[in-house]
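Structure data (compact mmCIF, C-alpha atoms) from target.txt:
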```txt
# COMPACT_ATOMS: atom_id res chain seq x y z
CA MET A 192 -19.20 1.48 -5.15
CA ASP A 193 -20.19 -2.03 -6.23
CA TYR A 194 -16.74 -3.50 -6.75
CA PHE A 195 -18.11 -6.97 -7.52
CA GLU A 196 -20.13 -5.58 -10.41
CA LEU A 197 -17.16 -3.50 -11.54
CA HIS A 198 -14.96 -6.57 -11.69
CA LYS A 199 -17.62 -8.57 -13.50
CA LEU A 200 -17.76 -5.88 -16.19
CA TYR A 201 -14.02 -5.72 -16.78
CA LYS A 202 -12.73 -9.21 -16.03
CA ALA A 203 -10.37 -10.52 -18.73
CA ASN A 204 -12.27 -13.77 -19.21
CA SER A 205 -9.77 -15.31 -21.62
CA ILE A 206 -7.27 -15.91 -18.82
CA PHE A 207 -8.25 -18.29 -16.05
CA GLY A 208 -6.70 -20.55 -13.44
CA ARG A 209 -3.15 -20.89 -12.19
CA TYR A 210 -1.14 -21.66 -15.32
CA ILE A 211 -0.76 -18.29 -17.06
CA THR A 212 2.02 -18.05 -19.62
CA LEU A 213 3.20 -15.54 -22.20
CA ASN A 214 1.06 -17.36 -24.79
CA ASP A 215 -2.02 -16.50 -22.71
CA ILE A 216 -1.33 -12.79 -22.33
CA GLU A 217 0.28 -11.87 -25.67
CA PRO A 218 -3.10 -11.75 -27.50
CA LEU A 219 -4.26 -9.25 -24.86
CA LEU A 220 -1.02 -7.27 -25.00
CA ALA A 221 -1.45 -6.97 -28.77
CA ASN A 222 -4.39 -4.64 -28.10
CA LEU A 223 -2.23 -2.33 -25.99
CA SER A 224 0.59 0.06 -26.85
CA THR A 225 3.34 -2.04 -25.31
CA GLU A 226 7.09 -2.05 -25.76
CA ILE A 227 9.45 -5.03 -25.64
CA ILE A 228 12.26 -3.93 -23.34
CA GLY A 229 14.38 -7.07 -23.51
CA GLU A 230 14.39 -10.84 -23.29
CA SER A 231 14.40 -13.56 -20.67
CA VAL A 232 17.15 -16.16 -20.33
CA LEU A 233 15.42 -18.32 -22.95
CA GLY A 234 14.79 -15.41 -25.29
CA LYS A 235 11.15 -14.69 -24.46
CA PRO A 236 10.10 -11.03 -24.77
CA ILE A 237 9.49 -8.96 -21.65
CA TYR A 238 6.84 -6.31 -22.17
CA LYS A 239 6.43 -2.86 -20.69
CA TYR A 240 3.14 -1.02 -20.80
CA LEU A 241 3.17 2.74 -20.17
CA VAL A 242 -0.17 4.55 -19.94
CA GLY A 243 -1.79 7.58 -18.29
CA THR A 244 -1.17 11.31 -18.03
CA GLY A 245 -1.29 11.94 -14.28
CA LYS A 246 1.43 13.44 -12.13
CA ARG A 247 1.63 10.45 -9.77
CA ARG A 248 3.88 7.75 -11.24
CA ILE A 249 3.00 4.15 -10.31
CA PHE A 250 5.22 1.18 -11.19
CA MET A 251 3.65 -2.29 -11.02
CA TRP A 252 5.14 -5.66 -11.93
CA SER A 253 3.80 -9.20 -11.73
CA GLN A 254 4.95 -12.79 -12.05
CA MET A 255 8.59 -12.28 -11.19
CA HIS A 256 7.93 -15.69 -9.68
CA GLY A 257 6.69 -17.71 -12.64
CA ASN A 258 4.16 -19.82 -10.72
CA GLU A 259 2.46 -16.80 -9.11
CA SER A 260 -0.14 -15.76 -11.67
CA THR A 261 -3.13 -14.44 -9.72
CA THR A 262 -1.99 -10.83 -9.75
CA THR A 263 -1.25 -11.05 -13.48
CA LYS A 264 -4.91 -11.91 -14.06
CA ALA A 265 -5.96 -8.99 -11.85
CA LEU A 266 -3.70 -6.63 -13.81
CA PHE A 267 -5.43 -7.48 -17.07
CA ASP A 268 -8.80 -6.93 -15.41
CA PHE A 269 -7.46 -3.54 -14.35
CA PHE A 270 -6.27 -2.81 -17.89
CA ASN A 271 -9.82 -3.38 -19.14
CA LEU A 272 -11.13 -0.88 -16.60
CA ILE A 273 -8.70 1.91 -17.49
CA HIS A 274 -9.34 1.41 -21.20
CA SER A 275 -13.10 1.63 -20.84
CA ASP A 276 -15.21 4.76 -20.91
CA ASP A 277 -16.06 4.15 -17.27
CA GLU A 278 -15.74 7.38 -15.29
CA LEU A 279 -13.46 5.68 -12.78
CA GLY A 280 -11.13 4.36 -15.48
CA VAL A 281 -10.89 7.79 -17.08
CA LYS A 282 -10.15 9.35 -13.68
CA LEU A 283 -7.39 6.85 -12.93
CA LEU A 284 -5.63 7.63 -16.21
CA SER A 285 -5.86 11.35 -15.54
CA GLU A 286 -4.52 11.07 -12.00
CA PHE A 287 -1.71 8.56 -12.60
CA THR A 288 0.94 7.59 -15.07
CA PHE A 289 1.36 3.83 -14.91
CA CYS A 290 4.27 1.65 -15.89
CA PHE A 291 3.50 -2.08 -15.90
CA LEU A 292 5.69 -5.15 -16.40
CA PRO A 293 2.90 -7.76 -16.50
CA MET A 294 5.18 -10.81 -16.67
CA VAL A 295 8.76 -10.34 -15.50
CA ASN A 296 9.63 -14.06 -15.59
CA PRO A 297 8.08 -15.63 -18.73
CA ASP A 298 10.45 -18.63 -18.60
CA GLY A 299 9.38 -19.45 -15.05
CA ALA A 300 5.75 -18.98 -16.07
CA GLU A 301 6.14 -21.54 -18.86
CA LEU A 302 7.93 -24.01 -16.57
CA TYR A 303 5.62 -23.19 -13.63
CA THR A 304 8.54 -22.53 -11.32
CA ARG A 305 9.30 -19.79 -8.84
CA GLU A 306 12.78 -19.27 -10.32
CA ASN A 307 13.82 -18.23 -13.80
CA ALA A 308 15.38 -20.60 -16.36
CA ASN A 309 18.76 -20.31 -14.57
CA LYS A 310 17.05 -21.44 -11.34
CA VAL A 311 17.58 -18.02 -9.76
CA ASP A 312 14.92 -16.43 -7.57
CA LEU A 313 14.57 -12.98 -9.11
CA ASN A 314 13.31 -11.64 -5.79
CA ARG A 315 16.69 -12.48 -4.26
CA ASP A 316 18.72 -10.85 -7.03
CA SER A 317 18.30 -7.16 -6.31
CA LEU A 318 21.91 -6.64 -5.27
CA ASN A 319 23.72 -8.89 -7.72
CA LEU A 320 21.44 -8.20 -10.70
CA SER A 321 22.86 -11.38 -12.18
CA GLN A 322 19.87 -12.19 -14.40
CA PRO A 323 18.57 -10.42 -17.51
CA GLU A 324 15.08 -10.19 -16.01
CA SER A 325 16.42 -8.56 -12.82
CA LYS A 326 18.42 -6.04 -14.84
CA LEU A 327 15.37 -5.11 -16.92
CA LEU A 328 13.22 -4.63 -13.83
CA ARG A 329 15.83 -2.41 -12.20
CA GLN A 330 16.47 -0.45 -15.41
CA THR A 331 12.74 0.21 -15.77
CA PHE A 332 12.62 1.46 -12.18
CA ASP A 333 15.58 3.77 -12.76
CA ASP A 334 14.20 5.14 -16.03
CA PHE A 335 10.58 5.56 -14.92
CA LYS A 336 11.39 7.15 -11.54
CA PRO A 337 8.17 6.05 -9.83
CA ASP A 338 6.51 7.74 -6.90
CA PHE A 339 5.11 4.37 -5.79
CA CYS A 340 5.81 0.69 -6.49
CA TYR A 341 3.45 -2.30 -6.38
CA ASN A 342 5.24 -5.65 -6.13
CA LEU A 343 2.64 -8.30 -7.05
CA HIS A 344 2.91 -11.90 -5.86
CA ASP A 345 1.04 -15.04 -4.79
CA GLN A 346 1.46 -16.86 -1.49
CA ARG A 347 0.87 -20.50 -0.62
CA THR A 348 -2.23 -21.96 1.02
CA ILE A 349 -0.29 -22.48 4.26
CA PHE A 350 -0.73 -18.91 5.50
CA GLY A 351 -3.27 -17.69 7.99
CA ALA A 352 -4.06 -14.11 8.97
CA GLY A 353 -2.87 -14.49 12.53
CA ASP A 354 -3.09 -17.83 14.34
CA ASN A 355 -6.84 -18.11 14.95
CA GLY A 356 -7.80 -20.19 11.93
CA ASN A 357 -8.51 -17.34 9.50
CA VAL A 358 -6.97 -17.93 6.11
CA ALA A 359 -4.84 -15.15 4.60
CA THR A 360 -6.68 -14.54 1.32
CA VAL A 361 -4.70 -11.35 0.72
CA SER A 362 -1.60 -10.14 2.54
CA PHE A 363 0.32 -6.90 2.30
CA LEU A 364 3.67 -5.55 3.37
CA ALA A 365 5.29 -2.14 3.54
CA PRO A 366 8.86 -3.44 3.23
CA SER A 367 11.63 -2.35 5.58
CA TYR A 368 14.50 -0.13 4.50
CA ASN A 369 16.94 -1.13 7.26
CA GLU A 370 17.72 -3.96 9.66
CA GLN A 371 15.98 -2.16 12.52
CA ARG A 372 12.68 -2.15 10.58
CA GLU A 373 12.24 1.52 11.40
CA ILE A 374 9.28 3.43 10.02
CA ASN A 375 10.19 6.51 8.02
CA GLU A 376 8.07 8.71 5.76
CA VAL A 377 8.58 6.33 2.82
CA ARG A 378 7.27 3.25 4.66
CA SER A 379 4.50 5.33 6.25
CA LYS A 380 3.14 6.26 2.81
CA ALA A 381 2.93 2.59 1.87
CA MET A 382 1.29 1.74 5.20
CA ASN A 383 -1.40 4.36 4.68
CA VAL A 384 -2.42 2.90 1.32
CA ILE A 385 -2.41 -0.63 2.78
CA VAL A 386 -4.74 0.52 5.56
CA ALA A 387 -7.14 1.92 2.95
CA MET A 388 -7.08 -1.31 0.92
CA ASN A 389 -7.56 -3.39 4.05
CA GLU A 390 -10.58 -1.33 5.10
CA GLU A 391 -12.24 -2.06 1.76
CA LEU A 392 -11.31 -5.74 1.69
CA GLN A 393 -12.73 -6.29 5.18
CA LYS A 394 -16.18 -5.82 3.62
CA TYR A 395 -15.64 -8.96 1.52
CA ILE A 396 -13.11 -11.09 3.41
CA PRO A 397 -13.41 -10.09 7.08
CA ASN A 398 -10.41 -11.19 9.16
CA GLN A 399 -8.76 -12.70 6.09
CA VAL A 400 -6.17 -9.99 5.36
CA GLY A 401 -2.67 -10.55 6.67
CA ARG A 402 0.52 -8.59 7.12
CA PHE A 403 3.65 -10.20 5.69
CA ASP A 404 6.85 -10.44 7.72
CA ASP A 405 8.97 -7.28 7.44
CA GLY A 406 12.40 -8.78 8.04
CA PHE A 407 14.91 -6.77 6.04
CA ASN A 408 16.70 -8.32 3.06
CA LEU A 409 18.24 -5.92 0.57
CA ASN A 410 18.34 -8.73 -2.01
CA CYS A 411 14.52 -8.53 -2.13
CA ILE A 412 13.21 -6.05 -4.65
CA GLY A 413 10.66 -4.40 -2.34
CA ASP A 414 13.24 -3.80 0.38
CA MET A 415 15.65 -2.43 -2.23
CA PHE A 416 13.15 0.04 -3.67
CA THR A 417 12.08 1.17 -0.20
CA TYR A 418 15.78 1.59 0.67
CA LEU A 419 16.00 3.78 -2.45
CA ASN A 420 13.26 5.98 -0.96
CA VAL A 421 10.30 4.86 -3.08
CA PRO A 422 7.20 3.69 -1.16
CA THR A 423 6.57 0.08 -2.13
CA ILE A 424 3.73 -2.32 -1.38
CA LEU A 425 4.06 -6.08 -1.53
CA PHE A 426 0.82 -7.82 -2.55
CA GLU A 427 0.40 -11.52 -1.75
CA ALA A 428 -2.61 -13.23 -3.34
CA GLY A 429 -3.55 -16.16 -1.13
CA HIS A 430 -6.20 -18.83 -0.64
CA TYR A 431 -9.96 -18.50 -0.31
CA GLU A 432 -12.25 -21.39 0.58
CA SER A 433 -12.24 -23.94 -2.30
CA ASP A 434 -10.67 -21.34 -4.61
CA TYR A 435 -7.62 -23.28 -5.76
CA HIS A 436 -7.80 -21.59 -9.17
CA ARG A 437 -7.55 -18.23 -7.35
CA GLU A 438 -10.45 -16.67 -9.22
CA PHE A 439 -12.11 -15.17 -6.15
CA THR A 440 -8.73 -13.98 -4.90
CA ARG A 441 -8.14 -12.38 -8.30
CA LYS A 442 -11.23 -10.30 -7.65
CA MET A 443 -9.91 -9.26 -4.23
CA ILE A 444 -6.61 -8.11 -5.78
CA PHE A 445 -8.53 -6.08 -8.36
CA ILE A 446 -10.58 -4.46 -5.58
CA ALA A 447 -7.41 -3.73 -3.61
CA LEU A 448 -5.71 -2.13 -6.61
CA VAL A 449 -8.65 0.08 -7.50
CA SER A 450 -9.61 1.08 -3.96
CA GLY A 451 -6.00 1.85 -3.01
CA LEU A 452 -5.46 4.06 -6.04
CA LYS A 453 -8.81 5.75 -5.49
CA HIS A 454 -7.80 6.46 -1.90
CA SER A 455 -4.51 7.96 -3.10
CA TYR A 456 -6.07 10.61 -5.31
CA GLU A 457 -8.96 11.37 -2.97
CA ASN A 458 -6.72 11.90 0.06
CA ASP A 459 -3.90 14.33 -0.67
CA ILE A 460 -3.32 14.98 3.04
CA VAL A 461 -1.86 11.76 4.42
CA ASN A 462 -2.78 10.95 7.97
CA ASN A 463 -0.40 8.73 9.88
CA LYS A 464 -2.09 5.34 10.14
CA ASN A 465 0.97 3.30 11.01
CA GLU A 466 -0.56 1.96 14.22
CA ILE A 467 -3.63 0.77 12.31
CA TYR A 468 -1.36 -0.96 9.80
CA LEU A 469 0.44 -2.77 12.63
CA LEU A 470 -2.92 -4.08 13.89
CA ILE A 471 -3.35 -6.12 10.71
CA PRO A 472 -2.62 -9.69 11.89
CA GLN A 473 0.73 -11.06 10.79
CA ASN A 474 0.92 -13.98 8.39
CA ASN A 475 1.51 -17.30 10.14
CA THR A 476 2.08 -20.75 8.64
CA VAL A 477 -0.86 -22.47 10.34
CA PHE A 478 -2.69 -24.21 7.46
CA TYR A 479 -2.52 -27.46 5.58
CA ASP A 480 -4.79 -28.30 2.68
CA PHE A 481 -6.05 -31.39 4.55
CA ILE A 482 -6.09 -32.45 8.18
CA TYR A 483 -7.33 -35.86 9.33
CA LYS A 484 -8.00 -36.18 13.04
CA ASN A 485 -8.54 -39.12 15.39
CA VAL A 486 -7.25 -41.74 12.97
CA LYS A 487 -6.50 -45.23 14.29
CA ILE A 488 -3.34 -46.82 12.95
CA ASN A 489 -1.46 -50.04 13.64
CA TYR A 490 1.99 -49.01 14.83
CA ASP A 491 4.50 -51.64 15.99
CA GLY A 492 1.66 -54.04 16.68
CA LYS A 493 -0.26 -51.50 18.73
CA LYS A 494 -3.32 -49.51 17.76
CA ILE A 495 -2.85 -45.80 18.41
CA ILE A 496 -4.91 -42.70 17.66
CA THR A 497 -3.14 -39.91 15.81
CA ASN A 498 -3.62 -37.00 13.41
CA PHE A 499 -1.95 -36.26 10.12
CA ALA A 500 -1.97 -33.61 7.41
CA ALA A 501 -1.67 -33.57 3.64
CA GLN A 502 -0.65 -30.76 1.32
CA TYR A 503 -1.15 -30.23 -2.38
CA LYS A 504 1.85 -30.03 -4.66
CA GLU A 505 1.09 -28.13 -7.84
CA GLU A 506 2.59 -30.29 -10.59
CA LEU A 507 2.73 -29.29 -14.25
CA ILE A 508 1.92 -32.27 -16.46
CA ASP A 509 1.27 -31.80 -20.19
CA LYS A 510 0.69 -28.05 -19.73
CA ILE A 511 -1.96 -28.62 -17.07
CA ILE A 512 -1.52 -27.93 -13.36
CA HIS A 513 -2.44 -30.98 -11.28
CA PHE A 514 -3.08 -30.57 -7.56
CA ASN A 515 -1.64 -33.75 -6.07
CA ALA A 516 -1.98 -34.33 -2.33
CA TYR A 517 0.89 -35.78 -0.30
CA ILE A 518 1.12 -36.52 3.41
CA ALA A 519 3.08 -33.70 5.02
CA GLU A 520 2.99 -34.08 8.82
CA ILE A 521 1.97 -36.72 11.36
CA GLY A 522 1.35 -36.01 15.03
CA ASP A 523 -0.47 -33.67 17.35
CA LEU A 524 -0.84 -30.82 14.80
CA LYS A 525 -1.51 -28.40 17.63
CA GLY A 526 -2.27 -24.92 16.29
CA LYS A 527 -2.72 -26.20 12.74
CA TYR A 528 -5.86 -25.91 10.61
CA GLY A 529 -7.03 -27.65 7.46
CA HIS A 530 -8.78 -26.09 4.50
CA TYR A 531 -10.48 -29.49 4.43
CA GLN A 532 -10.73 -31.20 7.80
CA TYR A 533 -11.98 -34.69 8.62
CA ASN A 534 -12.69 -36.38 11.93
CA ALA A 535 -12.11 -40.11 11.45
CA HIS A 536 -13.76 -40.97 14.79
CA LYS A 537 -11.10 -43.62 15.44
CA LEU A 538 -11.65 -45.49 12.18
CA LEU A 539 -8.70 -47.66 11.17
CA TYR A 540 -6.32 -46.34 8.52
CA SER A 541 -5.28 -48.57 5.62
CA ASP A 542 -3.60 -48.10 2.26
CA ASP A 543 -2.01 -50.13 -0.53
CA ASN A 544 1.44 -49.93 1.05
CA ASP A 545 2.20 -50.63 4.72
CA SER A 546 -1.09 -49.19 6.06
CA ILE A 547 0.82 -46.53 7.96
CA PRO A 548 0.77 -42.87 6.80
CA LYS A 549 4.23 -41.73 5.72
CA ILE A 550 5.64 -38.33 4.83
CA ASN A 551 5.61 -37.63 1.05
CA GLN A 552 3.28 -40.55 0.37
CA LYS A 553 0.29 -39.83 -1.87
CA ALA A 554 -2.84 -39.11 0.17
CA ASN A 555 -4.76 -42.18 -1.07
CA PHE A 556 -6.10 -44.37 1.74
CA CYS A 557 -9.15 -45.80 3.48
CA LEU A 558 -10.73 -45.09 6.84
CA GLY A 559 -12.56 -48.14 8.12
CA ASN A 560 -14.41 -50.24 5.57
CA ASP A 561 -16.48 -47.52 3.91
CA ILE A 562 -14.54 -44.25 3.59
CA LYS A 563 -12.12 -43.91 0.71
CA ILE A 564 -9.80 -40.92 0.39
CA VAL A 565 -8.41 -40.24 -3.09
CA ASN A 566 -5.95 -37.40 -3.60
CA GLY A 567 -6.83 -36.03 -0.20
CA LEU A 568 -10.59 -35.89 -0.74
CA LYS A 569 -13.35 -38.17 0.49
CA LYS A 570 -14.95 -40.12 -2.34
```
Written as structure tokens, how would this file's structure read?
Amino acid sequence: MDYFELHKLYKANSIFGRYITLNDIEPLLANLSTEIIGESVLGKPIYKYLVGTGKRRIFMWSQMHGNESTTTKALFDFFNLIHSDDELGVKLLSEFTFCFLPMVNPDGAELYTRENANKVDLNRDSLNLSQPESKLLRQTFDDFKPDFCYNLHDQRTIFGAGDNGNVATVSFLAPSYNEQREINEVRSKAMNVIVAMNEELQKYIPNQVGRFDDGFNLNCIGDMFTYLNVPTILFEAGHYESDYHREFTRKMIFIALVSGLKHSYENDIVNNKNEIYLLIPQNNTVFYDFIYKNVKINYDGKKIITNFAAQYKEELIDKIIHFNAYIAEIGDLKGKYGHYQYNAHKLLYSDDNDSIPKINQKANFCLGNDIKIVNGLKK
């Protein structure tokens, strides 16, 4: 199957980039038979979309962290597929009954924050259920009684798939159900689907699929649902080279969704692939957005050679996300990689301040007389 062509056909082109709010998706939701199931802290509607006639019941939710929008985009691409006359879309609706919450945290989406308007991380509220959004998510789970859950997130650019310099463009997790991280039939079902998705993604992003840490925390929604005996998969949409708008990654999430579901209905007899799942390299925090090596600086009257790193902060200004680079670490940087990496070849560092790189300082500086770095990038 040509998944690239499939995504091109059904991509929801009206939504793009990182800042995806309720205003962006409501025109698309208006074309679907959705239901408003409640409101956020600030009174924004939370939508549920129920579709399909199949016996397998799949529950998916996105953007419970407001600044994690890549999987929301992929969901709307998926909606276009299942509402087309494409044979695959028709098959998916006949095999599955889907329940979607495409934006659990609309307040956080508007503010571009991980937390909701009460500054609560909804993915740490599964026990207390202190927030209206958490209660609606749990109530939907209880009412729908899914056979499978897909917990859709983004992850930062800092993650690598292992520690060998391969970026984690997509990561998965079959969450634990107890402190011992034991593997039971419920986790095994999730692992089998992850293995199938990974096998497909390796064709497009070889060595760039990671496995998220499976430390148990019952406050996390995926751990809670696995504890309640429903196989759950955590999706983490990560970085791809130069893809800070996460448009290529969006395509990878779409491919993962479709290929995983296709695997599920084509393979009724589940083979135990837990060991293959465990071979997927674990996520490690090994990346910075920028690394500058072999930089000469004046330090206490002496010239020394050092390295330093800078990291983007995603800052919402006038409804536009600005990627602003700040110095994040200075030193050896052993085992660290940069999405952009520069060798200064012992050129002297200078800036408009003290001509010494400092943590949390904007990454605007010069190397020697000719190289100017503005917002992390060489000009």
(request) Find the spatial neighbours of region 307-309 of chain A, counting all atoms listed in the file, within a cut-off of 10 Å - ignore same-chain residues fewer than 5 positions away - and output them as a list of chain:residue names. (result)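 My reading of the contact set: A:Ser231, A:Val232, A:Leu233, A:Met255, A:His256, A:Gly257, A:Val295, A:Asn296, A:Pro297, A:Asp298, A:Gly299, A:Ala300, A:Glu301, A:Leu302, A:Gln322, A:Pro323, A:Glu324.
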Set up a box along x, y and z of the file covering all listed atoms of region 447-457 of chain A, add 8 Å on every one of the six sides, and write the centre and edge lengths in Å to one decimal, as lines of an AutoDock Vina configuration file.
```
center_x = -7.1
center_y = 3.8
center_z = -4.7
size_x = 21.1
size_y = 31.1
size_z = 21.6
```
(message) Neighbouring residues of Leu223 (chain A) were defined as those with any atom within 10 Å, considering all atoms listed in the file; residues of the same chain fewer than 4 positions away were excluded. Please report them as a PyMOL selection string.
(response) chain A and resi 217-219+240-242+270+274
Just write the chosen residues, C-alpha atoms, as a compact mmCIF listing (two decimals), keeping the file's coordinate frame.
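Heads up, here's the output in again_34.txt:
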```txt
# COMPACT_ATOMS: atom_id res chain seq x y z
CA GLU A 217 0.28 -11.87 -25.67
CA PRO A 218 -3.10 -11.75 -27.50
CA LEU A 219 -4.26 -9.25 -24.86
CA TYR A 240 3.14 -1.02 -20.80
CA LEU A 241 3.17 2.74 -20.17
CA VAL A 242 -0.17 4.55 -19.94
CA PHE A 270 -6.27 -2.81 -17.89
CA HIS A 274 -9.34 1.41 -21.20
```
For Asn375 (chain A): contacts at 12 Å, only C-alpha atoms, fewer than 4 positions along chain excluded, given as an mmCIF file with C-alpha atoms, in the frame of the given file:
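around-v5.cif was written with the following content:
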```
data_model
loop_
_atom_site.group_PDB
_atom_site.id
_atom_site.type_symbol
_atom_site.label_atom_id
_atom_site.label_comp_id
_atom_site.auth_asym_id
_atom_site.auth_seq_id
_atom_site.Cartn_x
_atom_site.Cartn_y
_atom_site.Cartn_z
ATOM 1 C CA ALA A 365 5.290 -2.140 3.540
ATOM 2 C CA PRO A 366 8.860 -3.440 3.230
ATOM 3 C CA SER A 367 11.630 -2.350 5.580
ATOM 4 C CA TYR A 368 14.500 -0.130 4.500
ATOM 5 C CA ASN A 369 16.940 -1.130 7.260
ATOM 6 C CA GLN A 371 15.980 -2.160 12.520
ATOM 7 C CA SER A 379 4.500 5.330 6.250
ATOM 8 C CA LYS A 380 3.140 6.260 2.810
ATOM 9 C CA ALA A 381 2.930 2.590 1.870
ATOM 10 C CA MET A 382 1.290 1.740 5.200
ATOM 11 C CA THR A 417 12.080 1.170 -0.200
ATOM 12 C CA TYR A 418 15.780 1.590 0.670
ATOM 13 C CA ASN A 420 13.260 5.980 -0.960
ATOM 14 C CA VAL A 421 10.300 4.860 -3.080
ATOM 15 C CA PRO A 422 7.200 3.690 -1.160
ATOM 16 C CA ASN A 463 -0.400 8.730 9.880
ATOM 17 C CA ASN A 465 0.970 3.300 11.010
#
```
(request) Give the answer as one residue: which of A:Cys557, A:Gly229, A:Gln399, A:His198 has the shortest atom-to-atom distance to Asn544 (chain A), using only C-alpha atoms? (result)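 For Asn544 (chain A), the nearest of the given residues is A:Cys557.
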(request) Name all residues at most 10 Å from Val449 (chain A) (count only C-alpha atoms; drop same-chain ones fewer than 5 positions away) and give them as an MDAnalysis selection string. (result) chainID A and resid 194 269 272 279:280 283 388 443:444 454:455
(request) Give the answer as one residue: which of A:His530, A:Lys504, A:Lys494, A:Arg441 has the shortest atom-to-atom distance to Phe481 (chain A), using only C-alpha atoms? (result)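 Comparing A:His530, A:Lys504, A:Lys494, A:Arg441 against Phe481 (chain A), the winner is A:His530.
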(message) Ranking A:Thr304, A:Gln346, A:Thr288, A:Asn319 by minimum distance to Leu507 (chain A) and counting all atoms listed in the file, which one comes first?
(response)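 Distance minimum relative to Leu507 (chain A) lands on A:Thr304.
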(request) Compare A:Phe478, A:Tyr201, A:Trp252, A:Tyr456 by their minimum atom-to-atom distance to Asp268 (chain A), counting only C-alpha atoms, and give me the closest one. (result) A:Tyr201
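The protein and nucleic acid residues lying at most 8 Å from Leu558 (chain A) are A:Val486, A:Ala535, A:Leu538, A:Leu539, A:Tyr540, A:Ser541, A:Ile564, with only C-alpha atoms considered and sequence neighbours fewer than 6 positions away removed.
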(request) Kindly indicate which residue among A:Cys411, A:Leu452, A:Ile211, A:Val384 lies nearest to Arg329 (chain A), using all atoms listed in the file for the distances. (result)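 Comparing A:Cys411, A:Leu452, A:Ile211, A:Val384 against Arg329 (chain A), the winner is A:Cys411.
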(message) Please return as number ranges by chain every residue within 12 Å of (-19.7, -8.0, -8.7), taking into account all atoms listed in the file and the file's own coordinates.
(response) A: 192-202, 395, 439, 442-443, 445-446
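Taking only C-alpha atoms into account, the polymer residues that have an atom no farther than 7 Å from (-5.3, -46.8, -2.0) are Asp542, Asp543, Asn555, Phe556 and Cys557 of chain A.
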(request) Could you check how far CA of Tyr341 (chain A) sits from CA of Phe250 (chain A), in Å to one decimal? (result) 6.2 Å
